[in-house]
Structures are given as structure tokens and as C-alpha cells.
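S.K.: Please read through the structure below; I'll follow up with questions.
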Amino acid sequence: MAQVFHHSTNLISRLTIYGFFLLAIVGGFIPYWIDGSPYVTEANVPKVQPVPFSHRHHTAELGIDCRYCHTSVENSSFAGLPPTETCMTCHSQIWKNSPMLEPVRQSFREDRSIQWVRVNALPEFVYFDHSIHVAKGIGCTTCHGPVGIMPLTWAANSLKMSWCLDCHRHPENNLRPRDQVFSISYVEPANQAELGAKLVKQYKVYSLTDCWTCHR
Amino acid sequence: MESDPLERAAEITQSAVIEPGYTISTVTDKISSIVLGQRRKPGWFLGFGASFLLLLLLLYAVTVLFAMGVGIWGVSIPVGWGFAIVNFVWWIGIGHAGTLISAILLLLHQKWRTSINRTAEAMTIFAVLCAGMFPLLHLGRPWLFYWLFPYPNTMWYWPQFRSPLVWDVFAVSTYLTVSLLFWFVGLIPDLATLRDRARTRAKQIVYGFLAMGWRGSAVHWKRYEIASLLLAGLATPLVVSVHTVVSFDFAIAILPGWHTTIFPPYFVAGAIYSGFAMVLCLAIPLRKFYGLEDFITMRHLDNMGKLMLATGLIVAYGYMMEAFMAFYSADIYERYATLNRMAGPYAAAYWSLIAFNVVVPQALWSRRVRTSVPALFAVALVVNCAMWLERFVIVVVSLHRDFLPSIWRMYAPTRWDWMTLLGSLGLFLTLLYLFIRYLPMISIFEMRTLVTETEGERR
């Protein structure tokens with residue numbers, strides 16, 4: 001009897017068989033790439049703020065300590081956003097007529113907070129505490145990136161769970177001496193492996209990777 | 001008057017696996033005409049319609065479940081595993097006979113398997129589909145079911161491999177894949193036969209597509225033999241492993257009544273037991289309605305009866321050991337769990353389970369019962385129900401009273417539980433009706449070889 005299919009359909013059948021396996025593998029990774037890309041995580045994307053506050057100017061150029069504004073970082077889960085009064089300690093004296101700073105003065109006059117745009121947002125179901133990280137020798141710039149070069153602030157990391165776990169599985173890679181935690185120009189020494197191992201012992205750092213460490 | 005029943009029975013036991021008088025072409029005609037025949041049996045429409053209604057019931061129950069959440073079921077703490085898990089274990093157990101018949105009996109060169117393996121494999125796949133549905137339905141957020149798989153994720157996290165629930169996912173999905181492949185590979189030569197015999201263009205295309213260019217050349221047959229042997233080898237350990245893993249869902253937990261080392265073998269035996277009961281429940285009506293008594297002979301029914309008896313005895317031994325160990329262990333919680341089964345609020349379930357699953361199948365010792373079609377059907381039906389009851393006793397009765405009397409609570413299924421159970425039967429039967437209508441329910445080419453092989457025996 002006659003052929004049901006033309007000979008050329010052999011090619012189609014081969015393509016579909018191999019294509020299926022290719023698609024199964026690639027198809028698994030496409031959502032992974034999209035989910036981890038800056039398009040979703042907004043990592044490295046500078047955020048437009050109501051006042052174009054420059055971390056570079058205030059930290060690297062003027063040398064203000066992180067804790068001058070983020071006051072509660074050493075003893076609270078939340079590092080703290082400065083109230084307008086903190087800005088006004090200086091800006092009531094300098095640049096006091098700058099039009100750029102008008103929203104700050106308006107906020108001060110009307111006693112209404114400036115609506116900053118959040119740069120680093122963790123989901124609500126993640127328990128995170130700044131104070132313990134600071135106390136164990138994790139520097140500000142370890143997670144927040146080189147704020148000393150940021151004219152407008154961006155999130156330096158994806159804040160994906162994989163990123164958290166990277167460090168929680170191997171904390172020794174990111175530890176620095178406690179007196180260097182607030183340094184914005186700290187450079188990892190060549191002997192980080194050695195130093196890290198020493199600090200793990202000295203600061204009693206544990207690799208905490210149980211679900212309930214962060215999801216309480 | 002009939003001859004002495006025992007003599008007649010002896011005749012049957014030694015009788016052929018295919019009745020005499022068939023040639024290669026009449027076998028092909030007879031089986032393929034069920035699929036390609038123009039005349040459709042009104043009985044098929046009746047059965048399919050009824051099953052489809054049940055399937056719609058399932059869709060309704062599941063839609064409401066997804067809209068409202070698992071709160072519509074009777075589950076609550078401490079009985080968090082209600083009907084869903086009972087049904088899951090029941091269905092997956094039923095899905096065991098197919099692979100046993102096709103793989104193990106193939107490797108053991110049991111010729112009598114030929115006429116029942118196709119249906120049994122189909123039954124296996126449909127039962128595993130029904131089973132696989134339940135754990136997903138019982139998730140609080142079923143749309144996140146893929147979290148059970150180790151897929152590439154930005155959390156860089158694996159599923160909890162210490163949990164038997166994850167082992168379950170792998171065991172069941174592997175079993176489904178291998179069973180499906182085995183079934184499909186076995187179908188290819190028959191699909192080619194259907195393609196060649198199909199009269200309409202549409203059927204030629206569909207069967208031709210599925211036959212994957214099978215021409216029946218010697219090379220094709222050689223590859224076919226290798227593939228089916230390999231798949232049989234792969235499937236054989238799965239028969240044992242799948243229900244072992246399912247039993248771990250319970251045995252790994254510390255709950256009295258679950259935490260027993262006897263669970264794996266006893267679950268596997270129970271699975272094969274219920275699987276054969278289901279094959280009998282399906283094969284008996286099928287051979288009757290489609291006039292296949294010459295292919296599915298009394299010898300098949302007799303053999304399956306014997307297998308049921310053997311596995312049933314292992315299951316009975318399991319019950320006995322469970323009770324014995326509870327008292328021998330001198331553990332008050334284990335003792336209480338057993339006493340609670342026997343004399344607690346669900347005692348009726350336990351004792352009907354013992355009556356249906358242990359006492360009734362003893363009738364299979366009698367050759368007269370094994371060779372009587374209605375009696376076999378009745379026993380198989382009773383065993384199927386009893387195996388469901390067994391899982392109910394294991395899941396619900398163990399959970400409802402554990403260590404802390406303050407959280408003891410009774411469990412009662414709601415109408416949604418019942419609708420989902422009935423609906424899963426609808427899904428199973430609908431698929432089965434479609435299968436017998438559109439695919440050859442008996443392997444044509446294997447029956448052809450059987451014709452030539454048994455010719456020598458008959459002379």
C-alpha cells in the first residue's frame with residue numbers, strides 16, 4: 001500500500017525527538033535566567049529619588065560615617081533611614097538655598113518624611129537582622145557594594161536566596177576585622193582565606209543554613 | 001449433566017493460553033476489528049458516558065477545591081492526611097500489576113501473560129495518573145507543586161532530600177515514565193498493523209504517526225526485542241521500589257502504627273495483590289463483552305487467582321506481624337495504636353478489612369472458586385474495596401489518636417472527599433474506555449507468535 005507519510009517527514013520526527021530534549025533543558029533555564037537578571041532583581045539599576053542624594057559625595061568625598069545616618073545598624077534589625085532633621089544638621093547651614101534641596105527643607109517645614117524610594121528590598125517572609133551581621137564582621141560594602149562611588153544609589157546585589165546562601169555556606173570568604181566593617185574603601189587582603197578562617201574562630205561565626213534561620 | 005467439576009478444573013489449569021483453531025490472520029482480524037470495526041457497541045457508549053459523567057464530577061470537585069482550598073475536605077489536625085493520601089496509596093497500589101505482568105513475567109518467560117499484559121499496562125498507567133493527582137490536590141498551594149523537583153532556581157536550593165515525600169516524587173514519576181515507555185514500545189508493531197488496516201485517511205495518519213515508521217523488518221524486530229528487554233529490566237526493580245518508597249512516607253515518621261520496618265514488603269505485596277484484583281475486575285467483563293474468552297482463557301483467570309492468593313497471604317502475614325510486634329515491643333503507644341484499631345471508634349473498618357482481605361480470599365484455595373468466573377470477580381471486587389479500607393485504617397486510624405490525648409479528634413470525610421474519590425474512578429474508567437476503543441487491548445503480534453508456538457503443543 002501507499003506510504004502514509006512522505007519521506008521528508010523523517011527529518012521532522014528526528015527534529016522533534018532531539019528538539020524535545022533540548023527544549024526540556026533550555027526551558028528549565030530560561031525562567032532561571034530571567035528571574036536572576038537585573039530586569040527582575042533591579043540589581044545595579046540606580047533608583048531615581050525625590051532628592052538626588054549622592055552616597056559618593058557624603059561618604060567617600062566628605063568622609064561621613066555610615067552610622068551618622070543609619071544609626072541603628074549596630075543594635076537593630078533595621079539599619080535606619082535618617083529623619084529630615086539629620087539632613088538639616090548640616091543643610092541648615094550649607095547649601096541652604098540650593099533648589100535641589102528644596103524637598104528636604106519642605107519636609108522639615110511641614111514635618112513630613114521624605115518619601116525615599118527603597119533600594120534594597122527583602123521580602124516580608126525573610127527575617128533579616130543588620131546588627132548580627134555587623135557584629136560578626138560583615139562590612140557594609142560587602143552587601144551594599146561600593147557606595148563610595150554611587151552618585152545615585154543602586155542595589156549592588158540581587159538579594160536572591162542563592163546570594164544569601166553563598167555567604168551563609170561560606171562565611172569565611174566575606175569576613176573582615178570588626179574595625180573595618182564601616183570602611184567604604186576596604187579591600188579584601190590577599191590572604192583572605194587565612195584571615196577568614198581566623199575570624200570565623202575568633203568571632204564564632206557559624207554557617208547557618210537551616211530554613212528557619214531566615215524563615216521564622 | 002456436566003462432568004465432575006474438579007476434573008473440568010484440572011483441564012482448565014493445563015489448558016492452552018489461546019484456544020485452538022486460530023490462525024495468524026484470524027487473530028489479527030479479531031483483535032483489530034474491535035478498534036477499526038465500523039459497528040460500535042451501544043454498551044461502549046453507555047459505559048463511556050457513565051464514566052465521563054464521573055469525570056465531570058471530579059472536575060467539579062477539583063474546581064471547587066482550587067477555589068476554596070483544602071478546608072472543604074474533612075482533613076484537620078491531627079488527621080491532616082485524609083482521603084487524598086488514602087486514595088493515592090490505593091491507586092498507586094493498583095498500578096502495580098501491569099508492570100509485574102509485563103516485566104517480571106516477560107523475564108520469566110511466562111507465556112500466559114501475553115493476552116493480559118496490554119490491558120494491565122494500560123491500567124497501570126491510568127492508575128498511576130489517578131494516584132499522582134492526589135498528592136498535588138492535597139497541597140495547600142497546588143500551583144507550586146514544581147517545588148518538589150530539583151529545577152534550576154535562583155534560591156540555589158534543592159528539595160529536602162531527607163524527606164520521603166521527595167523520594168515519592170521521583171519514584172512515582174520514574175514509574176510512570178518507564179511504564180508509559182514500556183507500554184508504548186509494546187504498542188508500536190500493533191499500531192503499524194492498525195495503520196496498514198485503517199480505511200480512513202485520518203486513522204492512517206494518527207496510527208501511522210504513532211507507529212513511528214515501523215515496517216516490521218528484521219532490524220526493527222531486533223531493536224524491538226532489545227528495547228523491550230531493557231525496559232523490562234528497568235521496570236522490574238521499580239515494581240518493588242515504588243511502593244517501598246510510598247511505605248516510607250509512613251514508616252519514616254515516628255507515629256505509632258506507621259513506624260514499622262515491615263511496611264515496605266507488606267506494602268509491595270499489598271500493591272501487587274490489589275493490582276491483580278483490579279486486573280481481574282477489568283479482564284472479566286472485557287473478555288465477556290468483546291467475546292475474547294478464547295484469548296483470555298480460564299488459565300489466565302486461574303493463574304491470577306493464585307497470584308492473588310499468594311500475595312494476599314503475605315499481606316495477612318503483615319497484619320499479623322504488625323499486631324504481634326506492637327505487643328512484643330512493650331511500647332505503650334504501639335500497643336495502644338493496635339488496640340485502638342481493633343476496639344477503637346474505627347474498629348468496624350479494621351474488622352471488615354480483616355474479613356474482606358484475609359478471610360474472603362481464602363476461598364481461592366478452592367479450584368472450584370478459581371475456575372468460576374463470577375466467584376473470582378466477586379473476590380476481586382471485595383479485595384479491591386478491602387485494600388482501600390486498609391489504607392484508610394493505616395492513614396486515618398493511626399493519625400486520629402497519637403501520643404497526646406489532648407489533640408485526639410475524629411475524622412469524617414465530607415461530600416467533596418467522596419466526590420473526588422468517585423471522580424478519580426471516573427477518570428480511570430474514561431481513559432480505559434478510550435483505550436479499548438482506540439488501541440488494541442490485546443497484543444496482536446504477541447498473540448500471533450503464540451499461535452505458532454502453541455501449534456506444536458496441540459499436535
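Going by the C-alpha cells order, chains are called A, B, ..., each with residues numbered from 1, while ligands are numbered from 1 in the order shown.
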Pull out every residue of chain B that has at least one atom within 8 Å of chain A, counting only C-alpha atoms, and report them as an MDAnalysis selection string.

M.R.: chainID B and resid 151:157 196 204:205 208

S.K.: Please report, as a VMD selection string, each residue of segment 179-272 of chain B to which DSSP assigns alpha helix (DSSP H) when run on this structure's backbone.

M.R.: chain B and resid 179 to 197 201 to 211 218 to 251 263 to 272

S.K.: What's around His70 of chain A at 7 Å? Count only C-alpha atoms, leave out sequence neighbours fewer than 5 positions away in its own chain, and write the answer as a PDB file with C-alpha atoms, in the first residue's frame.

M.R.:
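Saved as around35.pdb:
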ATOM      1  CA  ALA A  79      19.802  49.957  59.767  1.00  0.00           C
ATOM      2  CA  GLY A  80      17.553  53.014  59.956  1.00  0.00           C
ATOM      3  CA  LEU A  81      16.763  55.763  57.497  1.00  0.00           C
ATOM      4  CA  PRO A  82      17.710  59.229  58.737  1.00  0.00           C
TER       5      PRO A  82
END

S.K.: Give me the residues near segment 406-423 of chain B as number ranges by chain, where near means some atom within 9 Å (using only C-alpha atoms) and where sequence neighbours in that chain fewer than 5 positions away do not count.

M.R.: B: 51, 53-62, 64-65, 72-79, 82-84, 87, 345, 396-397, 399-401, 428

S.K.: Using only C-alpha atoms for the distances, tell me which of A:Met150, A:Ala193, A:Leu199, A:Cys214 is nearest to His57 of chain A.

M.R.: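 Among the listed residues, A:Met150 lies closest to His57 of chain A.
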
S.K.: Give me the residues near Thr236 of chain B as a list in words, where near means some atom within 10 Å (using only C-alpha atoms) and where sequence neighbours in that chain fewer than 3 positions away do not count.

M.R.: Thr99, Leu100, Ile101, Ser102, Ala103, Ile104, Leu105, Leu106, Leu107, Leu231, Ala232, Gly233, Val239, Val240 and Ser241 of chain B

S.K.: For the selection you just gave me, I'd like the residues written to a file as a PDB file, in the first residue's frame, keeping N, CA and C atoms.

M.R.:
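Result written to again20.pdb:
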ATOM      1  N   THR B  99       3.021  -3.663  35.525  1.00  0.00           N
ATOM      2  CA  THR B  99       4.449  -3.813  35.307  1.00  0.00           C
ATOM      3  C   THR B  99       4.922  -5.191  35.748  1.00  0.00           C
ATOM      4  N   LEU B 100       4.305  -5.695  36.810  1.00  0.00           N
ATOM      5  CA  LEU B 100       4.687  -7.036  37.236  1.00  0.00           C
ATOM      6  C   LEU B 100       4.420  -8.025  36.114  1.00  0.00           C
ATOM      7  N   ILE B 101       3.211  -7.929  35.534  1.00  0.00           N
ATOM      8  CA  ILE B 101       2.850  -8.857  34.468  1.00  0.00           C
ATOM      9  C   ILE B 101       3.765  -8.657  33.269  1.00  0.00           C
ATOM     10  N   SER B 102       3.974  -7.390  32.881  1.00  0.00           N
ATOM     11  CA  SER B 102       4.727  -7.191  31.645  1.00  0.00           C
ATOM     12  C   SER B 102       6.214  -7.414  31.832  1.00  0.00           C
ATOM     13  N   ALA B 103       6.762  -6.931  32.932  1.00  0.00           N
ATOM     14  CA  ALA B 103       8.217  -7.003  33.058  1.00  0.00           C
ATOM     15  C   ALA B 103       8.677  -8.319  33.666  1.00  0.00           C
ATOM     16  N   ILE B 104       8.206  -8.592  34.881  1.00  0.00           N
ATOM     17  CA  ILE B 104       8.743  -9.767  35.574  1.00  0.00           C
ATOM     18  C   ILE B 104       8.335 -11.040  34.848  1.00  0.00           C
ATOM     19  N   LEU B 105       7.081 -11.101  34.449  1.00  0.00           N
ATOM     20  CA  LEU B 105       6.648 -12.328  33.775  1.00  0.00           C
ATOM     21  C   LEU B 105       7.288 -12.460  32.390  1.00  0.00           C
ATOM     22  N   LEU B 106       7.638 -11.331  31.778  1.00  0.00           N
ATOM     23  CA  LEU B 106       8.352 -11.393  30.495  1.00  0.00           C
ATOM     24  C   LEU B 106       9.731 -11.990  30.699  1.00  0.00           C
ATOM     25  N   LEU B 107      10.420 -11.495  31.757  1.00  0.00           N
ATOM     26  CA  LEU B 107      11.760 -12.003  32.027  1.00  0.00           C
ATOM     27  C   LEU B 107      11.716 -13.471  32.435  1.00  0.00           C
ATOM     28  N   LEU B 231      13.823  -2.368  28.814  1.00  0.00           N
ATOM     29  CA  LEU B 231      12.774  -1.707  29.593  1.00  0.00           C
ATOM     30  C   LEU B 231      12.234  -2.635  30.666  1.00  0.00           C
ATOM     31  N   ALA B 232      12.139  -3.924  30.325  1.00  0.00           N
ATOM     32  CA  ALA B 232      11.664  -4.881  31.332  1.00  0.00           C
ATOM     33  C   ALA B 232      12.635  -4.929  32.498  1.00  0.00           C
ATOM     34  N   GLY B 233      13.930  -4.906  32.165  1.00  0.00           N
ATOM     35  CA  GLY B 233      14.944  -4.914  33.213  1.00  0.00           C
ATOM     36  C   GLY B 233      14.864  -3.666  34.077  1.00  0.00           C
ATOM     37  N   VAL B 239       8.951  -2.182  40.291  1.00  0.00           N
ATOM     38  CA  VAL B 239       7.773  -2.799  40.893  1.00  0.00           C
ATOM     39  C   VAL B 239       7.945  -2.851  42.400  1.00  0.00           C
ATOM     40  N   VAL B 240       9.180  -3.149  42.811  1.00  0.00           N
ATOM     41  CA  VAL B 240       9.436  -3.267  44.243  1.00  0.00           C
ATOM     42  C   VAL B 240       9.678  -1.890  44.865  1.00  0.00           C
ATOM     43  N   SER B 241      10.379  -1.031  44.135  1.00  0.00           N
ATOM     44  CA  SER B 241      10.834   0.206  44.770  1.00  0.00           C
ATOM     45  C   SER B 241       9.705   1.216  44.982  1.00  0.00           C
TER      46      SER B 241
END

S.K.: Just want the 9 Å neighbourhood of segment 182-189 of chain B, counted on only C-alpha atoms, with same-chain residues fewer than 3 positions away dropped. Output as a ChimeraX atom specification.

M.R.: /B:99,102-103,118,121-122,125,177-179,192-194,210-212,214-216,221,224,227-228,231-232,235,439-440,443-445

S.K.: With only C-alpha atoms as the counted atoms, please give the residues lying no more than 12 Å from Asp111 of chain A, apart from itself and same-chain residues fewer than 6 positions off, as a list in words.

M.R.: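 In the requested format, the answer is Pro83, Thr84, Glu85, Pro103, Val104 and Arg105 of chain A.
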
S.K.: Find the distance between atom CA of Ile64 of chain A and atom CA of Ile184 of chain A and write it in Å to one decimal.

M.R.: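 According to the coordinates, atom CA of Ile64 of chain A and atom CA of Ile184 of chain A are separated by 10.3 Å.
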
S.K.: How many Å lie between atom CA of Thr454 of chain B and atom CA of Leu280 of chain B, rounded to one decimal?

M.R.: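 Between atom CA of Thr454 of chain B and atom CA of Leu280 of chain B the gap is 24.2 Å.
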